[in-house]
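Chemist: Here you go, this is run36.txt (compact mmCIF, N, CA and C atoms and all ligand atoms).
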```
# COMPACT_ATOMS: atom_id res chain seq x y z
N MET A 1 22.54 17.25 -26.18
CA MET A 1 21.56 16.18 -26.20
C MET A 1 20.77 16.10 -24.91
N ASP A 2 21.07 16.96 -23.97
CA ASP A 2 20.36 16.94 -22.70
C ASP A 2 19.39 18.11 -22.58
N GLU A 3 19.00 18.67 -23.71
CA GLU A 3 18.12 19.82 -23.63
C GLU A 3 16.82 19.46 -22.93
N GLY A 4 16.36 20.37 -22.10
CA GLY A 4 15.09 20.15 -21.44
C GLY A 4 15.21 19.36 -20.15
N VAL A 5 16.37 18.96 -19.80
CA VAL A 5 16.54 18.19 -18.57
C VAL A 5 17.65 18.82 -17.75
N GLN A 6 17.40 18.91 -16.48
CA GLN A 6 18.46 19.40 -15.62
C GLN A 6 19.64 18.44 -15.71
N GLN A 7 20.77 19.01 -15.71
CA GLN A 7 21.96 18.22 -15.97
C GLN A 7 22.18 17.14 -14.91
N CYS A 8 21.70 17.40 -13.72
CA CYS A 8 22.04 16.51 -12.62
C CYS A 8 20.94 15.49 -12.33
N THR A 9 19.94 15.42 -13.19
CA THR A 9 18.85 14.49 -12.94
C THR A 9 18.61 13.66 -14.19
N LEU A 10 18.33 12.39 -14.02
CA LEU A 10 17.92 11.60 -15.16
C LEU A 10 16.82 10.65 -14.73
N VAL A 11 16.03 10.26 -15.70
CA VAL A 11 14.96 9.31 -15.46
C VAL A 11 15.23 8.07 -16.29
N VAL A 12 15.34 6.95 -15.62
CA VAL A 12 15.54 5.69 -16.30
C VAL A 12 14.20 4.97 -16.38
N VAL A 13 13.90 4.45 -17.56
CA VAL A 13 12.64 3.73 -17.74
C VAL A 13 12.83 2.26 -17.40
N GLY A 14 12.01 1.79 -16.49
CA GLY A 14 12.03 0.38 -16.13
C GLY A 14 10.70 -0.26 -16.48
N ARG A 15 10.71 -1.59 -16.52
CA ARG A 15 9.47 -2.31 -16.75
C ARG A 15 9.25 -3.27 -15.60
N CYS A 16 8.00 -3.29 -15.14
CA CYS A 16 7.67 -4.12 -13.99
C CYS A 16 7.67 -5.59 -14.38
N GLN A 17 8.35 -6.38 -13.59
CA GLN A 17 8.39 -7.82 -13.87
C GLN A 17 7.02 -8.46 -13.68
N GLN A 18 6.25 -7.97 -12.73
CA GLN A 18 4.97 -8.60 -12.40
C GLN A 18 3.88 -8.17 -13.38
N THR A 19 3.79 -6.90 -13.67
CA THR A 19 2.66 -6.37 -14.45
C THR A 19 3.07 -5.97 -15.86
N ARG A 20 4.36 -5.90 -16.11
CA ARG A 20 4.90 -5.47 -17.40
C ARG A 20 4.57 -4.01 -17.73
N LYS A 21 4.13 -3.29 -16.75
CA LYS A 21 3.90 -1.86 -16.97
C LYS A 21 5.22 -1.10 -16.81
N LEU A 22 5.22 0.09 -17.38
CA LEU A 22 6.42 0.91 -17.33
C LEU A 22 6.44 1.74 -16.05
N PHE A 23 7.64 2.02 -15.61
CA PHE A 23 7.80 2.98 -14.53
C PHE A 23 9.10 3.73 -14.74
N GLY A 24 9.17 4.90 -14.15
CA GLY A 24 10.37 5.70 -14.24
C GLY A 24 11.07 5.73 -12.89
N VAL A 25 12.37 5.74 -12.94
CA VAL A 25 13.16 5.89 -11.72
C VAL A 25 13.99 7.14 -11.87
N THR A 26 13.81 8.05 -10.96
CA THR A 26 14.52 9.31 -11.02
C THR A 26 15.84 9.20 -10.26
N PHE A 27 16.91 9.48 -10.94
CA PHE A 27 18.22 9.49 -10.31
C PHE A 27 18.77 10.90 -10.27
N LYS A 28 19.43 11.21 -9.19
CA LYS A 28 20.13 12.47 -9.09
C LYS A 28 21.62 12.20 -8.93
N LEU A 29 22.37 13.04 -9.57
CA LEU A 29 23.81 12.88 -9.54
C LEU A 29 24.36 13.39 -8.21
N GLN A 30 25.06 12.51 -7.52
CA GLN A 30 25.72 12.90 -6.27
C GLN A 30 27.17 12.51 -6.39
N GLY A 31 27.99 13.49 -6.61
CA GLY A 31 29.39 13.19 -6.78
C GLY A 31 29.67 12.72 -8.20
N PHE A 32 30.81 12.18 -8.40
CA PHE A 32 31.26 11.83 -9.73
C PHE A 32 30.65 10.50 -10.17
N SER A 33 29.78 10.55 -11.16
CA SER A 33 29.19 9.35 -11.75
C SER A 33 28.51 8.46 -10.73
N HIS A 34 28.01 9.06 -9.69
CA HIS A 34 27.28 8.29 -8.69
C HIS A 34 25.85 8.78 -8.67
N TRP A 35 24.93 7.88 -9.01
CA TRP A 35 23.53 8.26 -9.14
C TRP A 35 22.74 7.67 -7.99
N VAL A 36 21.92 8.53 -7.39
CA VAL A 36 21.15 8.12 -6.23
C VAL A 36 19.67 8.31 -6.55
N SER A 37 18.87 7.32 -6.21
CA SER A 37 17.44 7.42 -6.45
C SER A 37 16.66 7.27 -5.17
N GLU A 38 15.70 8.13 -5.01
CA GLU A 38 14.77 7.95 -3.91
C GLU A 38 13.33 8.06 -4.42
N TRP A 39 13.16 7.89 -5.74
CA TRP A 39 11.82 8.06 -6.26
C TRP A 39 11.59 7.21 -7.50
N ALA A 40 10.43 6.59 -7.57
CA ALA A 40 9.99 5.88 -8.77
C ALA A 40 8.52 6.20 -8.97
N PHE A 41 8.09 6.22 -10.23
CA PHE A 41 6.72 6.62 -10.51
C PHE A 41 6.22 5.84 -11.72
N PRO A 42 4.92 5.59 -11.77
CA PRO A 42 4.37 4.85 -12.92
C PRO A 42 4.36 5.69 -14.19
N ILE A 43 4.55 5.04 -15.31
CA ILE A 43 4.49 5.70 -16.62
C ILE A 43 3.37 5.04 -17.42
N GLU A 44 2.51 5.85 -17.94
CA GLU A 44 1.46 5.32 -18.82
C GLU A 44 2.04 5.10 -20.21
N GLU A 45 1.74 3.95 -20.77
CA GLU A 45 2.32 3.60 -22.08
C GLU A 45 1.96 4.63 -23.15
N ASN A 46 0.75 5.20 -23.04
CA ASN A 46 0.27 6.05 -24.12
C ASN A 46 0.55 7.53 -23.89
N VAL A 47 1.28 7.84 -22.85
CA VAL A 47 1.63 9.23 -22.62
C VAL A 47 2.67 9.67 -23.65
N ASP A 48 2.57 10.91 -24.04
CA ASP A 48 3.54 11.45 -24.98
C ASP A 48 4.88 11.58 -24.29
N ARG A 49 5.75 10.63 -24.56
CA ARG A 49 7.00 10.60 -23.82
C ARG A 49 8.03 11.58 -24.37
N LYS A 50 7.68 12.28 -25.44
CA LYS A 50 8.62 13.29 -25.93
C LYS A 50 8.71 14.48 -24.98
N ARG A 51 7.70 14.61 -24.15
CA ARG A 51 7.70 15.75 -23.24
C ARG A 51 8.89 15.68 -22.29
N GLU A 52 9.25 14.51 -21.90
CA GLU A 52 10.39 14.38 -21.01
C GLU A 52 11.40 13.47 -21.66
N ARG A 53 12.59 13.66 -21.26
CA ARG A 53 13.64 12.85 -21.85
C ARG A 53 13.92 11.65 -20.94
N TYR A 54 13.61 10.49 -21.45
CA TYR A 54 13.90 9.29 -20.69
C TYR A 54 15.12 8.60 -21.27
N VAL A 55 15.84 8.01 -20.40
CA VAL A 55 17.02 7.28 -20.82
C VAL A 55 16.70 5.80 -20.86
N GLU A 56 16.86 5.22 -22.01
CA GLU A 56 16.69 3.78 -22.11
C GLU A 56 18.04 3.18 -22.44
N GLY A 57 18.34 2.13 -21.75
CA GLY A 57 19.64 1.54 -21.94
C GLY A 57 20.58 1.94 -20.83
N SER A 58 21.80 1.63 -21.01
CA SER A 58 22.74 1.77 -19.92
C SER A 58 23.16 3.21 -19.72
N VAL A 59 23.44 3.51 -18.50
CA VAL A 59 23.94 4.81 -18.11
C VAL A 59 25.24 4.57 -17.35
N GLN A 60 26.18 5.41 -17.62
CA GLN A 60 27.47 5.22 -16.97
C GLN A 60 27.42 5.65 -15.53
N GLY A 61 28.14 4.96 -14.71
CA GLY A 61 28.25 5.36 -13.32
C GLY A 61 27.79 4.27 -12.39
N SER A 62 27.74 4.61 -11.13
CA SER A 62 27.25 3.69 -10.13
C SER A 62 25.89 4.15 -9.66
N PHE A 63 25.09 3.21 -9.20
CA PHE A 63 23.71 3.52 -8.86
C PHE A 63 23.39 3.03 -7.46
N GLU A 64 22.59 3.83 -6.80
CA GLU A 64 22.22 3.48 -5.44
C GLU A 64 20.77 3.85 -5.21
N LEU A 65 20.04 2.93 -4.60
CA LEU A 65 18.68 3.22 -4.18
C LEU A 65 18.72 3.49 -2.69
N VAL A 66 18.33 4.67 -2.30
CA VAL A 66 18.41 5.01 -0.89
C VAL A 66 17.19 4.44 -0.16
N SER A 67 17.23 4.52 1.15
CA SER A 67 16.21 3.87 1.96
C SER A 67 14.82 4.44 1.71
N GLY A 68 14.76 5.66 1.22
CA GLY A 68 13.47 6.25 0.95
C GLY A 68 12.86 5.83 -0.37
N TYR A 69 13.58 5.03 -1.14
CA TYR A 69 13.07 4.58 -2.43
C TYR A 69 11.76 3.83 -2.23
N PRO A 70 10.70 4.24 -2.93
CA PRO A 70 9.37 3.68 -2.64
C PRO A 70 9.15 2.30 -3.23
N GLY A 71 10.04 1.81 -4.05
CA GLY A 71 9.84 0.52 -4.69
C GLY A 71 9.08 0.68 -5.99
N CYS A 72 8.90 -0.44 -6.67
CA CYS A 72 8.18 -0.41 -7.94
C CYS A 72 6.77 0.14 -7.71
N PRO A 73 6.35 1.13 -8.51
CA PRO A 73 5.02 1.71 -8.31
C PRO A 73 3.89 0.76 -8.68
N HIS A 74 4.22 -0.34 -9.32
CA HIS A 74 3.18 -1.29 -9.72
C HIS A 74 3.07 -2.48 -8.77
N CYS A 75 4.20 -3.02 -8.35
CA CYS A 75 4.15 -4.24 -7.54
C CYS A 75 4.94 -4.13 -6.24
N LYS A 76 5.51 -2.97 -6.00
CA LYS A 76 6.22 -2.70 -4.74
C LYS A 76 7.54 -3.44 -4.60
N ASN A 77 8.03 -4.04 -5.67
CA ASN A 77 9.36 -4.62 -5.57
C ASN A 77 10.34 -3.55 -5.10
N PRO A 78 11.18 -3.86 -4.15
CA PRO A 78 11.99 -2.82 -3.50
C PRO A 78 13.24 -2.41 -4.26
N SER A 79 13.56 -3.11 -5.35
CA SER A 79 14.81 -2.79 -6.01
C SER A 79 14.64 -2.90 -7.52
N ILE A 80 15.72 -2.71 -8.25
CA ILE A 80 15.70 -2.84 -9.70
C ILE A 80 16.93 -3.62 -10.14
N PHE A 81 16.87 -4.16 -11.32
CA PHE A 81 18.05 -4.80 -11.88
C PHE A 81 18.17 -4.42 -13.35
N GLN A 82 19.33 -4.67 -13.89
CA GLN A 82 19.56 -4.40 -15.30
C GLN A 82 19.93 -5.70 -15.99
N CYS A 83 19.24 -6.00 -17.07
CA CYS A 83 19.52 -7.24 -17.78
C CYS A 83 20.78 -7.08 -18.61
N ALA A 84 21.20 -8.18 -19.21
CA ALA A 84 22.45 -8.18 -19.96
C ALA A 84 22.40 -7.24 -21.14
N ASN A 85 21.19 -6.91 -21.60
CA ASN A 85 21.04 -6.01 -22.73
C ASN A 85 20.81 -4.57 -22.32
N GLY A 86 20.90 -4.32 -21.02
CA GLY A 86 20.82 -2.95 -20.56
C GLY A 86 19.43 -2.48 -20.16
N HIS A 87 18.45 -3.39 -20.16
CA HIS A 87 17.11 -2.99 -19.75
C HIS A 87 17.00 -2.95 -18.23
N ILE A 88 16.13 -2.05 -17.78
CA ILE A 88 15.89 -1.92 -16.34
C ILE A 88 14.54 -2.53 -16.01
N ALA A 89 14.49 -3.29 -14.95
CA ALA A 89 13.24 -3.87 -14.50
C ALA A 89 13.21 -3.87 -12.98
N CYS A 90 12.00 -3.93 -12.45
CA CYS A 90 11.92 -3.99 -10.99
C CYS A 90 12.40 -5.36 -10.52
N TRP A 91 12.77 -5.43 -9.25
CA TRP A 91 13.39 -6.63 -8.71
C TRP A 91 13.02 -6.75 -7.25
N ASP A 92 12.77 -7.96 -6.81
CA ASP A 92 12.35 -8.13 -5.43
C ASP A 92 13.50 -8.07 -4.44
N GLY A 93 14.70 -8.03 -4.95
CA GLY A 93 15.85 -7.83 -4.09
C GLY A 93 16.53 -9.11 -3.64
N HIS A 94 15.92 -10.26 -3.91
CA HIS A 94 16.57 -11.49 -3.45
C HIS A 94 16.54 -12.63 -4.47
N THR A 95 15.65 -12.56 -5.47
CA THR A 95 15.62 -13.62 -6.47
C THR A 95 16.83 -13.50 -7.38
N LEU A 96 17.60 -14.56 -7.50
CA LEU A 96 18.83 -14.48 -8.27
C LEU A 96 18.62 -14.83 -9.74
N PHE A 97 17.59 -15.61 -10.02
CA PHE A 97 17.34 -15.98 -11.41
C PHE A 97 16.16 -15.16 -11.91
N VAL A 98 16.43 -14.25 -12.83
CA VAL A 98 15.41 -13.31 -13.26
C VAL A 98 15.27 -13.34 -14.78
N ALA A 99 14.09 -12.97 -15.24
CA ALA A 99 13.84 -12.84 -16.67
C ALA A 99 13.49 -11.38 -16.95
N CYS A 100 14.10 -10.84 -18.00
CA CYS A 100 13.87 -9.45 -18.34
C CYS A 100 12.49 -9.29 -18.98
N PRO A 101 11.65 -8.41 -18.45
CA PRO A 101 10.33 -8.20 -19.04
C PRO A 101 10.37 -7.43 -20.36
N TRP A 102 11.52 -6.90 -20.71
CA TRP A 102 11.66 -6.19 -21.99
C TRP A 102 11.96 -7.17 -23.11
N CYS A 103 12.98 -7.96 -22.94
CA CYS A 103 13.49 -8.76 -24.05
C CYS A 103 13.41 -10.25 -23.77
N GLY A 104 13.02 -10.63 -22.57
CA GLY A 104 12.84 -12.03 -22.26
C GLY A 104 14.11 -12.77 -21.91
N SER A 105 15.23 -12.09 -22.00
CA SER A 105 16.47 -12.77 -21.66
C SER A 105 16.49 -13.05 -20.17
N SER A 106 16.88 -14.24 -19.82
CA SER A 106 16.92 -14.60 -18.42
C SER A 106 18.34 -14.97 -18.04
N GLY A 107 18.59 -14.85 -16.80
CA GLY A 107 19.93 -15.15 -16.33
C GLY A 107 20.01 -15.00 -14.84
N LYS A 108 21.13 -15.35 -14.33
CA LYS A 108 21.34 -15.27 -12.90
C LYS A 108 22.05 -13.97 -12.58
N LEU A 109 21.49 -13.26 -11.64
CA LEU A 109 22.12 -12.03 -11.22
C LEU A 109 23.35 -12.34 -10.39
N THR A 110 24.43 -11.73 -10.78
CA THR A 110 25.66 -11.98 -10.05
C THR A 110 26.22 -10.72 -9.44
N GLU A 111 25.63 -9.61 -9.79
CA GLU A 111 26.16 -8.36 -9.28
C GLU A 111 25.05 -7.52 -8.70
N LYS A 112 25.39 -6.76 -7.73
CA LYS A 112 24.42 -5.86 -7.15
C LYS A 112 24.19 -4.67 -8.07
N ILE A 113 23.10 -3.99 -7.76
CA ILE A 113 22.70 -2.88 -8.60
C ILE A 113 23.75 -1.78 -8.61
N GLU A 114 24.54 -1.70 -7.58
CA GLU A 114 25.51 -0.61 -7.51
C GLU A 114 26.49 -0.66 -8.68
N SER A 115 26.64 -1.82 -9.26
CA SER A 115 27.61 -1.93 -10.34
C SER A 115 26.94 -2.23 -11.67
N MET A 116 25.68 -1.94 -11.77
CA MET A 116 24.95 -2.41 -12.94
C MET A 116 25.41 -1.74 -14.22
N SER A 117 25.98 -0.58 -14.12
CA SER A 117 26.37 0.09 -15.36
C SER A 117 27.82 0.53 -15.32
N LYS A 118 28.64 -0.26 -14.71
CA LYS A 118 30.03 0.09 -14.72
C LYS A 118 30.54 0.08 -16.16
N SER A 119 31.43 0.95 -16.44
CA SER A 119 31.85 1.10 -17.81
C SER A 119 32.60 -0.14 -18.29
N SER A 120 32.40 -0.45 -19.55
CA SER A 120 32.97 -1.68 -20.09
C SER A 120 34.41 -1.48 -20.54
N ASP A 121 34.88 -0.27 -20.46
CA ASP A 121 36.25 -0.03 -20.93
C ASP A 121 37.24 -0.06 -19.78
N ALA A 122 36.79 -0.53 -18.62
CA ALA A 122 37.67 -0.57 -17.47
C ALA A 122 38.71 -1.68 -17.64
ZN ZN B 1 7.14 -4.14 -10.37
ZN ZN B 2 16.38 -7.09 -21.43
```
Output the structure of this file as structure tokens.

Modeler:
Amino acid sequence: MDEGVQQCTLVVVGRCQQTRKLFGVTFKLQGFSHWVSEWAFPIEENVDRKRERYVEGSVQGSFELVSGYPGCPHCKNPSIFQCANGHIACWDGHTLFVACPWCGSSGKLTEKIESMSKSSDA
């Protein structure tokens, strides 16, 4: 199911909280189930997304945005969060009460991004 993508790289699709535009966050696998990102890029809604394989929804492992991470390509938010339904959105890094631009679900963030996709079978 990973045809066409290097095994050690994945792109997670996020949606900008401010502009509601899409962006991709590129993660590279460093070590066991530890994903590190130093890159995000805008995605045009009308681009043929079959060309690349994007992951929507939760991904197993831990996630880290390194200092070189450029922030949201649309509004420069420096971080990302994952809503209760597994959607990724940009995040300003300090607002605790957030609304998901995908599904509208809102809630208080209680965990840092590093644990956003910890496995539920733990
Ligand atoms: Zn944004
Ligand atoms: Zn959501």

Chemist: Using only N, CA and C atoms and all ligand atoms, find each residue of chain A with at least one atom at most 6 Å away from an atom of ligand ZN 2 (chain B); report its shortest atom-to-atom pair and that distance in Å (one decimal), sort the rows by chain and rising residue number, and return the result as CSV.

Modeler:
```
residue,atom,partner,partner_atom,distance
A:Cys83,CA,B:ZN2,ZN,4.8
A:Ala84,N,B:ZN2,ZN,5.4
A:Asn85,N,B:ZN2,ZN,4.8
A:Gly86,N,B:ZN2,ZN,5.3
A:His87,N,B:ZN2,ZN,4.4
A:Cys100,CA,B:ZN2,ZN,4.6
A:Pro101,N,B:ZN2,ZN,5.7
A:Trp102,C,B:ZN2,ZN,4.7
A:Cys103,N,B:ZN2,ZN,3.8
A:Gly104,N,B:ZN2,ZN,5.0
A:Ser105,N,B:ZN2,ZN,5.2
```

Chemist: Which is closer to Phe81 (chain A) than all the others in A:Ser67, A:Ser106, A:Thr9, A:Ser33, using only C-alpha atoms?

Modeler: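 Closest candidate: A:Ser106.
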
Chemist: Set out as a tab-separated table a contact list for chain A and ligand ZN 1 (chain B) with a cut-off of 5 Å, giving each residue of chain A that qualifies its closest atom pair and distance in Å to one decimal, counting all atoms listed in the file, ordered by chain and rising residue number.

Modeler:
```
residue	atom	partner	partner_atom	distance
A:Cys16	CA	B:ZN1	ZN	3.7
A:Gln17	N	B:ZN1	ZN	4.1
A:Gln18	N	B:ZN1	ZN	4.6
A:Cys72	CA	B:ZN1	ZN	4.6
A:His74	C	B:ZN1	ZN	4.7
A:Cys75	N	B:ZN1	ZN	3.7
A:Lys76	N	B:ZN1	ZN	4.8
A:Asn77	N	B:ZN1	ZN	4.8
A:Cys90	CA	B:ZN1	ZN	4.8
```

Chemist: Any chance you can output those residues with N, CA and C atoms as a PDB file, in the frame of the given file?

Modeler:
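Generated output (result-v7.pdb):
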```
ATOM      1  N   CYS A  16       8.000  -3.290 -15.140  1.00  0.00           N
ATOM      2  CA  CYS A  16       7.670  -4.120 -13.990  1.00  0.00           C
ATOM      3  C   CYS A  16       7.670  -5.590 -14.380  1.00  0.00           C
ATOM      4  N   GLN A  17       8.350  -6.380 -13.590  1.00  0.00           N
ATOM      5  CA  GLN A  17       8.390  -7.820 -13.870  1.00  0.00           C
ATOM      6  C   GLN A  17       7.020  -8.460 -13.680  1.00  0.00           C
ATOM      7  N   GLN A  18       6.250  -7.970 -12.730  1.00  0.00           N
ATOM      8  CA  GLN A  18       4.970  -8.600 -12.400  1.00  0.00           C
ATOM      9  C   GLN A  18       3.880  -8.170 -13.380  1.00  0.00           C
ATOM     10  N   CYS A  72       8.900  -0.440  -6.670  1.00  0.00           N
ATOM     11  CA  CYS A  72       8.180  -0.410  -7.940  1.00  0.00           C
ATOM     12  C   CYS A  72       6.770   0.140  -7.710  1.00  0.00           C
ATOM     13  N   HIS A  74       4.220  -0.340  -9.320  1.00  0.00           N
ATOM     14  CA  HIS A  74       3.180  -1.290  -9.720  1.00  0.00           C
ATOM     15  C   HIS A  74       3.070  -2.480  -8.770  1.00  0.00           C
ATOM     16  N   CYS A  75       4.200  -3.020  -8.350  1.00  0.00           N
ATOM     17  CA  CYS A  75       4.150  -4.240  -7.540  1.00  0.00           C
ATOM     18  C   CYS A  75       4.940  -4.130  -6.240  1.00  0.00           C
ATOM     19  N   LYS A  76       5.510  -2.970  -6.000  1.00  0.00           N
ATOM     20  CA  LYS A  76       6.220  -2.700  -4.740  1.00  0.00           C
ATOM     21  C   LYS A  76       7.540  -3.440  -4.600  1.00  0.00           C
ATOM     22  N   ASN A  77       8.030  -4.040  -5.670  1.00  0.00           N
ATOM     23  CA  ASN A  77       9.360  -4.620  -5.570  1.00  0.00           C
ATOM     24  C   ASN A  77      10.340  -3.550  -5.100  1.00  0.00           C
ATOM     25  N   CYS A  90      12.000  -3.930 -12.450  1.00  0.00           N
ATOM     26  CA  CYS A  90      11.920  -3.990 -10.990  1.00  0.00           C
ATOM     27  C   CYS A  90      12.400  -5.360 -10.520  1.00  0.00           C
TER      28      CYS A  90
END
```

Chemist: May I ask for the distance between CA of Gln82 (chain A) and atom C of Pro70 (chain A), given in Å to one decimal place?

Modeler: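 Calculated distance between CA of Gln82 (chain A) and atom C of Pro70 (chain A) is 17.3 Å.
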
Chemist: Provide the atom N of Pro73 (chain A) to atom N of Gly14 (chain A) distance in Å, to one decimal place.

Modeler: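 Those two atoms sit 9.8 Å apart.
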
Chemist: What is the distance, in Å and to one decimal place, between CA of Gly71 (chain A) and CA of Gly24 (chain A)?

Modeler: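 Result for CA of Gly71 (chain A) versus CA of Gly24 (chain A): 10.9 Å, one decimal.
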
Chemist: Identify which of the residues A:Cys8, A:Val36, A:Ile43, A:Ala99 lies closest to Lys21 (chain A), counting all atoms listed in the file when measuring atom-to-atom distances.

Modeler: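 Once distances to Lys21 (chain A) are computed over all atoms listed in the file, the minimum belongs to A:Ile43.
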
Chemist: Any idea what's packed within 8 Å of Val66 (chain A), counting all atoms listed in the file, ignoring anything in its chain fewer than 5 positions away? Could you give it as a ChimeraX atom specification?

Modeler: /A:35-39

Chemist: Show me, as a ChimeraX atom specification, the residues that have an atom within 7 Å of Lys108 (chain A) when counting all atoms listed in the file, minus same-chain residues fewer than 6 positions from it.

Modeler: /A:96-98

Chemist: Nearest residue to Leu65 (chain A) out of A:Ala89, A:Leu29, A:Leu10, A:Ile80, using all atoms listed in the file?

Modeler: A:Ile80
